[in-house]
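The next block is run-v3.pdb, given as PDB, C-alpha atoms.
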```
ATOM      1  CA  MET A 559     -15.165  -6.054  22.076
ATOM      2  CA  SER A 560     -16.023  -3.104  19.843
ATOM      3  CA  TYR A 561     -14.022  -2.379  16.708
ATOM      4  CA  THR A 562     -14.427  -0.667  13.365
ATOM      5  CA  GLY A 563     -13.675  -2.519  10.154
ATOM      6  CA  VAL A 564     -12.165  -0.417   7.377
ATOM      7  CA  TRP A 565     -11.545  -1.129   3.707
ATOM      8  CA  SER A 566      -9.320   1.308   1.798
ATOM      9  CA  VAL A 567      -8.580   1.224  -1.937
ATOM     10  CA  GLY A 568      -6.335   3.762  -3.607
ATOM     11  CA  ALA A 569      -4.408   4.593  -6.752
ATOM     12  CA  VAL A 570      -0.678   5.022  -6.056
ATOM     13  CA  PRO A 571       2.457   5.555  -8.180
ATOM     14  CA  ASP A 572       3.243   2.462 -10.224
ATOM     15  CA  ALA A 573       6.933   2.605  -9.350
ATOM     16  CA  GLU A 574       6.092   2.305  -5.647
ATOM     17  CA  VAL A 575       4.060  -0.858  -6.231
ATOM     18  CA  VAL A 576       6.698  -2.414  -8.481
ATOM     19  CA  ALA A 577       9.377  -1.800  -5.834
ATOM     20  CA  LEU A 578       7.501  -3.317  -2.881
ATOM     21  CA  PRO A 579       8.264  -7.023  -3.493
ATOM     22  CA  ARG A 580      11.976  -6.279  -3.929
ATOM     23  CA  ARG A 581      12.077  -4.386  -0.637
ATOM     24  CA  PHE A 582      10.979  -7.436   1.322
ATOM     25  CA  ALA A 583      12.384 -10.305  -0.753
ATOM     26  CA  HIS A 584      14.972 -11.025   1.959
ATOM     27  CA  LEU A 585      12.351 -11.989   4.554
ATOM     28  CA  ASP A 586      11.514 -15.568   5.516
ATOM     29  CA  GLU A 587       9.107 -17.114   2.993
ATOM     30  CA  THR A 588       7.555 -19.586   5.438
ATOM     31  CA  TRP A 589       3.795 -19.486   4.953
ATOM     32  CA  THR A 590       1.199 -19.638   7.717
ATOM     33  CA  VAL A 591      -2.294 -20.888   6.944
ATOM     34  CA  PRO A 592      -5.150 -20.489   9.470
ATOM     35  CA  ASP A 593      -6.688 -23.734  10.702
ATOM     36  CA  GLY A 594      -9.492 -24.876   8.433
ATOM     37  CA  CYS A 595      -8.762 -22.254   5.755
ATOM     38  CA  ALA A 596      -8.491 -24.745   2.890
ATOM     39  CA  ASP A 597     -11.676 -26.555   3.956
ATOM     40  CA  ASP A 598     -13.584 -23.282   4.281
ATOM     41  CA  LEU A 599     -12.397 -22.123   0.854
ATOM     42  CA  ARG A 600     -13.520 -25.372  -0.769
ATOM     43  CA  TRP A 601     -16.865 -25.074   1.010
ATOM     44  CA  TRP A 602     -17.447 -21.481  -0.123
ATOM     45  CA  LEU A 603     -16.381 -22.063  -3.729
ATOM     46  CA  GLY A 604     -18.276 -25.355  -3.872
ATOM     47  CA  GLY A 605     -21.684 -23.906  -3.088
ATOM     48  CA  GLY A 606     -21.364 -22.644   0.471
ATOM     49  CA  ASP A 607     -22.034 -19.117  -0.758
ATOM     50  CA  ARG A 608     -25.519 -20.246  -1.832
ATOM     51  CA  GLU A 609     -26.541 -21.772   1.487
ATOM     52  CA  PRO A 610     -29.148 -19.895   3.582
ATOM     53  CA  TYR A 611     -27.269 -17.222   5.548
ATOM     54  CA  PHE A 612     -30.211 -15.448   7.194
ATOM     55  CA  THR A 613     -33.509 -17.086   8.248
ATOM     56  CA  PRO A 614     -33.932 -14.236   9.228
ATOM     57  CA  GLY A 615     -31.113 -14.263  11.797
ATOM     58  CA  PRO A 616     -27.571 -15.352  10.917
ATOM     59  CA  THR A 617     -27.227 -19.089  10.280
ATOM     60  CA  ALA A 618     -24.233 -21.351  10.874
ATOM     61  CA  ALA A 619     -23.227 -20.714   7.245
ATOM     62  CA  ALA A 620     -23.145 -16.943   7.843
ATOM     63  CA  HIS A 621     -20.967 -17.320  10.906
ATOM     64  CA  ARG A 622     -18.669 -19.766   9.087
ATOM     65  CA  PHE A 623     -18.152 -17.375   6.186
ATOM     66  CA  ALA A 624     -17.561 -14.433   8.544
ATOM     67  CA  ALA A 625     -14.902 -16.370  10.468
ATOM     68  CA  PHE A 626     -13.290 -17.567   7.235
ATOM     69  CA  ALA A 627     -13.097 -14.080   5.746
ATOM     70  CA  ARG A 628     -11.843 -12.599   9.016
ATOM     71  CA  GLY A 629      -9.127 -15.259   9.294
ATOM     72  CA  GLY A 630      -6.926 -13.471   6.789
ATOM     73  CA  GLY A 631      -5.919 -16.423   4.623
ATOM     74  CA  PRO A 632      -2.400 -17.720   3.933
ATOM     75  CA  THR A 633       0.356 -15.275   4.766
ATOM     76  CA  ALA A 634       4.124 -14.928   5.159
ATOM     77  CA  PRO A 635       6.475 -12.325   6.703
ATOM     78  CA  ALA A 636       7.074 -10.653   3.333
ATOM     79  CA  VAL A 637       3.337 -10.423   2.715
ATOM     80  CA  VAL A 638       2.729  -8.885   6.146
ATOM     81  CA  ALA A 639       5.486  -6.331   5.530
ATOM     82  CA  MET A 640       4.138  -5.451   2.086
ATOM     83  CA  ARG A 641       0.659  -5.039   3.538
ATOM     84  CA  GLU A 642       1.976  -2.565   6.112
ATOM     85  CA  ALA A 643       3.888  -0.714   3.398
ATOM     86  CA  ALA A 644       0.758  -0.629   1.233
ATOM     87  CA  THR A 645      -1.146   0.951   4.127
ATOM     88  CA  ASP A 646       1.550   3.622   4.302
ATOM     89  CA  LEU A 647       1.219   4.223   0.554
ATOM     90  CA  LEU A 648      -2.508   4.801   0.966
ATOM     91  CA  GLY A 649      -1.897   7.251   3.779
ATOM     92  CA  ARG A 650       0.600   9.188   1.697
ATOM     93  CA  ALA A 651      -1.762   9.253  -1.290
ATOM     94  CA  GLU A 652      -4.489  10.761   0.881
ATOM     95  CA  ALA A 653      -2.103  13.266   2.458
ATOM     96  CA  ASP A 654      -0.791  14.296  -0.972
ATOM     97  CA  GLY A 655      -4.269  15.226  -2.128
ATOM     98  CA  THR A 656      -4.868  12.452  -4.651
ATOM     99  CA  ASP A 657      -7.931  13.023  -6.829
ATOM    100  CA  PRO A 658     -11.020  11.721  -4.957
ATOM    101  CA  ASP A 659     -11.713   9.407  -7.899
ATOM    102  CA  GLY A 660      -8.466   7.637  -7.034
ATOM    103  CA  LEU A 661      -9.364   6.899  -3.412
ATOM    104  CA  PHE A 662     -12.106   4.907  -1.733
ATOM    105  CA  ALA A 663     -12.602   4.060   1.934
ATOM    106  CA  VAL A 664     -15.517   2.648   3.886
ATOM    107  CA  ALA A 665     -15.862   1.836   7.575
ATOM    108  CA  VAL A 666     -18.442  -0.061   9.594
ATOM    109  CA  ARG A 667     -18.654  -0.829  13.300
ATOM    110  CA  LYS A 668     -18.131  -4.455  14.323
ATOM    111  CA  GLY A 669     -17.891  -5.764  10.772
ATOM    112  CA  GLU A 670     -15.830  -5.960   7.585
ATOM    113  CA  PRO A 671     -17.018  -3.970   4.547
ATOM    114  CA  ALA A 672     -15.157  -6.122   2.017
ATOM    115  CA  THR A 673     -16.824  -9.245   3.405
ATOM    116  CA  ALA A 674     -20.232  -7.645   2.893
ATOM    117  CA  LEU A 675     -19.378  -7.014  -0.765
ATOM    118  CA  LEU A 676     -18.054 -10.524  -1.372
ATOM    119  CA  HIS A 677     -21.140 -12.051   0.206
ATOM    120  CA  GLY A 678     -23.249  -9.852  -2.032
ATOM    121  CA  LEU A 679     -21.398 -10.935  -5.160
ATOM    122  CA  GLY A 680     -21.118 -14.634  -4.306
ATOM    123  CA  ALA A 681     -18.140 -16.926  -4.812
ATOM    124  CA  GLU A 682     -18.094 -17.141  -8.619
ATOM    125  CA  ALA A 683     -18.158 -13.372  -9.161
ATOM    126  CA  SER A 684     -15.797 -12.662  -6.257
ATOM    127  CA  ALA A 685     -13.230 -14.987  -7.817
ATOM    128  CA  GLN A 686     -12.975 -12.510 -10.713
ATOM    129  CA  LEU A 687     -11.623  -9.829  -8.363
ATOM    130  CA  PRO A 688      -7.930  -9.578  -7.453
ATOM    131  CA  GLY A 689      -6.346 -10.452  -4.136
ATOM    132  CA  TRP A 690      -7.709 -12.101  -1.027
ATOM    133  CA  PHE A 691     -10.948 -10.852   0.558
ATOM    134  CA  GLY A 692     -10.285  -7.179  -0.073
ATOM    135  CA  ASP A 693      -6.478  -7.091   0.142
ATOM    136  CA  PHE A 694      -4.514  -6.670  -3.086
ATOM    137  CA  LEU A 695      -1.524  -4.963  -4.647
ATOM    138  CA  LEU A 696      -1.521  -4.249  -8.403
ATOM    139  CA  THR A 697       0.976  -2.652 -10.750
ATOM    140  CA  ALA A 698      -0.340  -0.423 -13.524
ATOM    141  CA  ASP A 699      -0.086  -3.310 -16.001
ATOM    142  CA  GLU A 700      -1.991  -5.574 -13.619
ATOM    143  CA  VAL A 701      -4.686  -2.932 -13.125
ATOM    144  CA  ARG A 702      -5.309  -2.838 -16.867
ATOM    145  CA  ALA A 703      -5.346  -6.649 -16.981
ATOM    146  CA  VAL A 704      -7.900  -7.120 -14.183
ATOM    147  CA  LEU A 705     -10.154  -4.189 -15.061
ATOM    148  CA  PRO A 706     -12.373  -6.055 -17.582
ATOM    149  CA  ASP A 707     -13.158  -8.800 -15.052
ATOM    150  CA  ALA A 708     -13.761  -6.239 -12.302
ATOM    151  CA  GLU A 709     -16.152  -4.347 -14.571
ATOM    152  CA  SER A 710     -18.008  -7.546 -15.414
ATOM    153  CA  VAL A 711     -18.826  -8.235 -11.751
ATOM    154  CA  LEU A 712     -19.105  -4.707 -10.308
ATOM    155  CA  ASP A 713     -20.661  -2.584 -13.062
ATOM    156  CA  LEU A 714     -24.133  -4.054 -12.626
ATOM    157  CA  THR A 715     -27.618  -3.166 -13.827
ATOM    158  CA  GLY A 716     -31.110  -4.612 -13.634
ATOM    159  CA  PRO A 717     -32.052  -7.667 -11.563
ATOM    160  CA  ARG A 718     -28.452  -8.693 -10.900
ATOM    161  CA  ARG A 719     -27.660  -5.306  -9.352
ATOM    162  CA  THR A 720     -30.815  -5.480  -7.231
ATOM    163  CA  GLU A 721     -29.882  -8.970  -6.050
ATOM    164  CA  VAL A 722     -26.301  -8.040  -5.139
ATOM    165  CA  LEU A 723     -27.298  -4.874  -3.273
ATOM    166  CA  ALA A 724     -29.935  -6.813  -1.320
ATOM    167  CA  ARG A 725     -27.346  -9.424  -0.305
ATOM    168  CA  VAL A 726     -24.850  -6.713   0.712
ATOM    169  CA  ASN A 727     -27.488  -5.018   2.849
ATOM    170  CA  ALA A 728     -28.560  -8.309   4.398
ATOM    171  CA  TRP A 729     -24.980  -8.916   5.520
ATOM    172  CA  ALA A 730     -24.420  -5.347   6.711
ATOM    173  CA  TYR A 731     -27.515  -5.203   8.885
ATOM    174  CA  ALA A 732     -27.267  -8.743  10.296
ATOM    175  CA  MET A 733     -23.490  -9.097  10.743
ATOM    176  CA  THR A 734     -22.351  -5.569  11.653
ATOM    177  CA  ASP A 735     -23.558  -2.672  13.804
ATOM    178  CA  ALA A 736     -24.473  -0.551  10.773
ATOM    179  CA  PRO A 737     -27.615   1.474  11.635
ATOM    180  CA  GLU A 738     -30.633   0.269   9.671
ATOM    181  CA  GLY A 739     -30.970   2.150   6.389
ATOM    182  CA  GLU A 740     -27.586   3.910   6.630
ATOM    183  CA  PHE A 741     -25.190   1.453   4.985
ATOM    184  CA  ASP A 742     -24.204   2.582   1.475
ATOM    185  CA  ALA A 743     -24.339  -0.701  -0.431
ATOM    186  CA  ALA A 744     -24.312   1.073  -3.809
ATOM    187  CA  GLY A 745     -21.192   3.006  -2.819
ATOM    188  CA  LEU A 746     -19.488  -0.210  -1.720
ATOM    189  CA  LEU A 747     -20.160  -1.691  -5.149
ATOM    190  CA  ALA A 748     -19.054   1.405  -7.080
ATOM    191  CA  GLY A 749     -16.040   2.624  -5.090
ATOM    192  CA  PRO A 750     -13.392  -0.021  -5.859
ATOM    193  CA  LEU A 751     -14.277  -0.024  -9.565
ATOM    194  CA  ARG A 752     -14.018   3.769  -9.699
ATOM    195  CA  VAL A 753     -10.474   3.566  -8.308
ATOM    196  CA  LEU A 754      -9.439   0.813 -10.733
ATOM    197  CA  ARG A 755     -10.760   2.824 -13.680
ATOM    198  CA  TYR A 756      -8.981   5.956 -12.492
ATOM    199  CA  ALA A 757      -5.703   4.079 -12.088
ATOM    200  CA  ALA A 758      -6.010   2.461 -15.516
ATOM    201  CA  ALA A 759      -6.623   5.853 -17.129
ATOM    202  CA  HIS A 760      -3.622   7.451 -15.423
ATOM    203  CA  GLY A 761      -1.036   4.645 -15.495
ATOM    204  CA  LEU A 762      -1.118   4.105 -11.727
ATOM    205  CA  GLY A 763      -0.982   1.053  -9.500
ATOM    206  CA  VAL A 764      -3.644   0.222  -6.918
ATOM    207  CA  VAL A 765      -3.427  -1.018  -3.339
ATOM    208  CA  ALA A 766      -6.324  -2.229  -1.217
ATOM    209  CA  VAL A 767      -6.086  -3.011   2.491
ATOM    210  CA  THR A 768      -8.591  -4.227   5.060
ATOM    211  CA  GLY A 769      -8.147  -3.508   8.750
ATOM    212  CA  ALA A 770      -9.840  -3.300  12.126
ATOM    213  CA  TYR A 771      -9.330  -0.491  14.610
TER
END
```

Would you write the structure of this file as structure tokens?
Amino acid sequence: MSYTGVWSVGAVPDAEVVALPRRFAHLDETWTVPDGCADDLRWWLGGGDREPYFTPGPTAAAHRFAAFARGGGPTAPAVVAMREAATDLLGRAEADGTDPDGLFAVAVRKGEPATALLHGLGAEASAQLPGWFGDFLLTADEVRAVLPDAESVLDLTGPRRTEVLARVNAWAYAMTDAPEGEFDAAGLLAGPLRVLRYAAAHGLGVVAVTGAY
């Protein structure tokens, strides 16, 4: 089945982000965890990110990580509702003409852009980023708190940048339908950090949402 994976990151009014948890605090807090999620997380953090993923085709490790990232992680009704509300906030920010520096979106056929980035960075660096596999909700204070870590793993130069971009491209061209040579790995690395910096400079919150359409 064909689909397009989208990752959107945007700066939004801080008051809107602060209010979201209170809006849905009345919902059931029962958590649902996908089968095998805890085992897959231990595997990835414990060295699974360094296993061979392409030899040259996708290996079992590549397919395991793709399924793990696509699984969505632990969730609860309030989290689902906040995610939907965050998507609405992003839509309103775009419609209201937010400065382009405060918005970032990337789409790829039959794949997930955020997963490509996290594979490129590896587990240790990815753990310095907020949220769960591309989904997060940050107040203005939280944006300022996470920005130094985000800069340390995304604002790259030299051999490390070359390595990360090569790993992003390897994922994009083996695990999605991105046409060869057309995936913007550098933009994927720069876009989220640009939004976080913009939000920090203007006292805004940030929401990031992954989706498939």

Checklist line | Contacts of segment 686-698 of chain A within 8 Å, all atoms listed in the file, excl. fewer than 2 positions in-chain, as a VMD selection string | finding: chain A and resid 565 572 575 to 576 627 630 to 631 644 672 to 673 676 682 to 684 700 to 702 704 707 to 708 711 757 to 758 761 to 768

Checklist line | Which of A:Leu585, A:Ala665, A:Cys595, A:Ala624 sits closest to Ala636 of chain A [using only C-alpha atoms] | finding: A:Leu585

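Between atom CA of Tyr731 of chain A and atom CA of Arg667 of chain A lies a distance of 10.8 Å.
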
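Put simply, atom CA of Pro750 of chain A is 16.2 Å away from atom CA of Gly563 of chain A.
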
Next item on the list: Report as a VMD selection string the full result of the PyMOL selection byres ((chain A and resi 649) around 12) when it is applied to this structure.
Entry: chain A and resid 566 to 570 642 to 648 650 to 656 661 to 663 765 to 767

Check: Applied to this file, what does the PyMOL selection byres ((chain A and resi 590) around 9) return in terms of residues, put as number ranges by chain?
Finding: A: 588-589, 591-592, 631-634

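Shortest separation to Lys668 of chain A among A:Asp593, A:Met733, A:Ala724, A:Gly604 occurs at residue A:Met733, atoms counted being only C-alpha atoms.
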
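Between atom CA of Asp598 of chain A and atom CA of Pro610 of chain A there is a distance of 15.9 Å.
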
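Distances to Val564 of chain A were evaluated for A:Val666, A:Gly745, A:Arg752, A:Tyr611 using all atoms listed in the file, and the minimum falls at A:Val666.
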
Margin query: Measuring between all atoms listed in the file, which one of A:Gly678, A:Pro671, A:Gly739, A:Pro579 shows the shortest distance to Arg719 of chain A?
Written below: A:Gly678

Next item on the list: Output the residue selection produced by the PyMOL selection byres ((chain A and resi 582) around 9) on the file above, formatted as a list of chain:residue names.
Entry: A:Leu578, A:Pro579, A:Arg580, A:Arg581, A:Ala583, A:His584, A:Leu585, A:Pro635, A:Ala636, A:Val637, A:Ala639, A:Met640

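Closest approach to Tyr756 of chain A among A:Ala573, A:Leu705, A:Ala744, A:Leu712 is made by A:Leu705 (distances from all atoms listed in the file).
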
Next item on the list: Return the single residue from A:Ala685, A:Ala732, A:Glu740, A:Asp659 that is closest to Thr617 of chain A, with distances computed using all atoms listed in the file.
Entry: A:Ala732
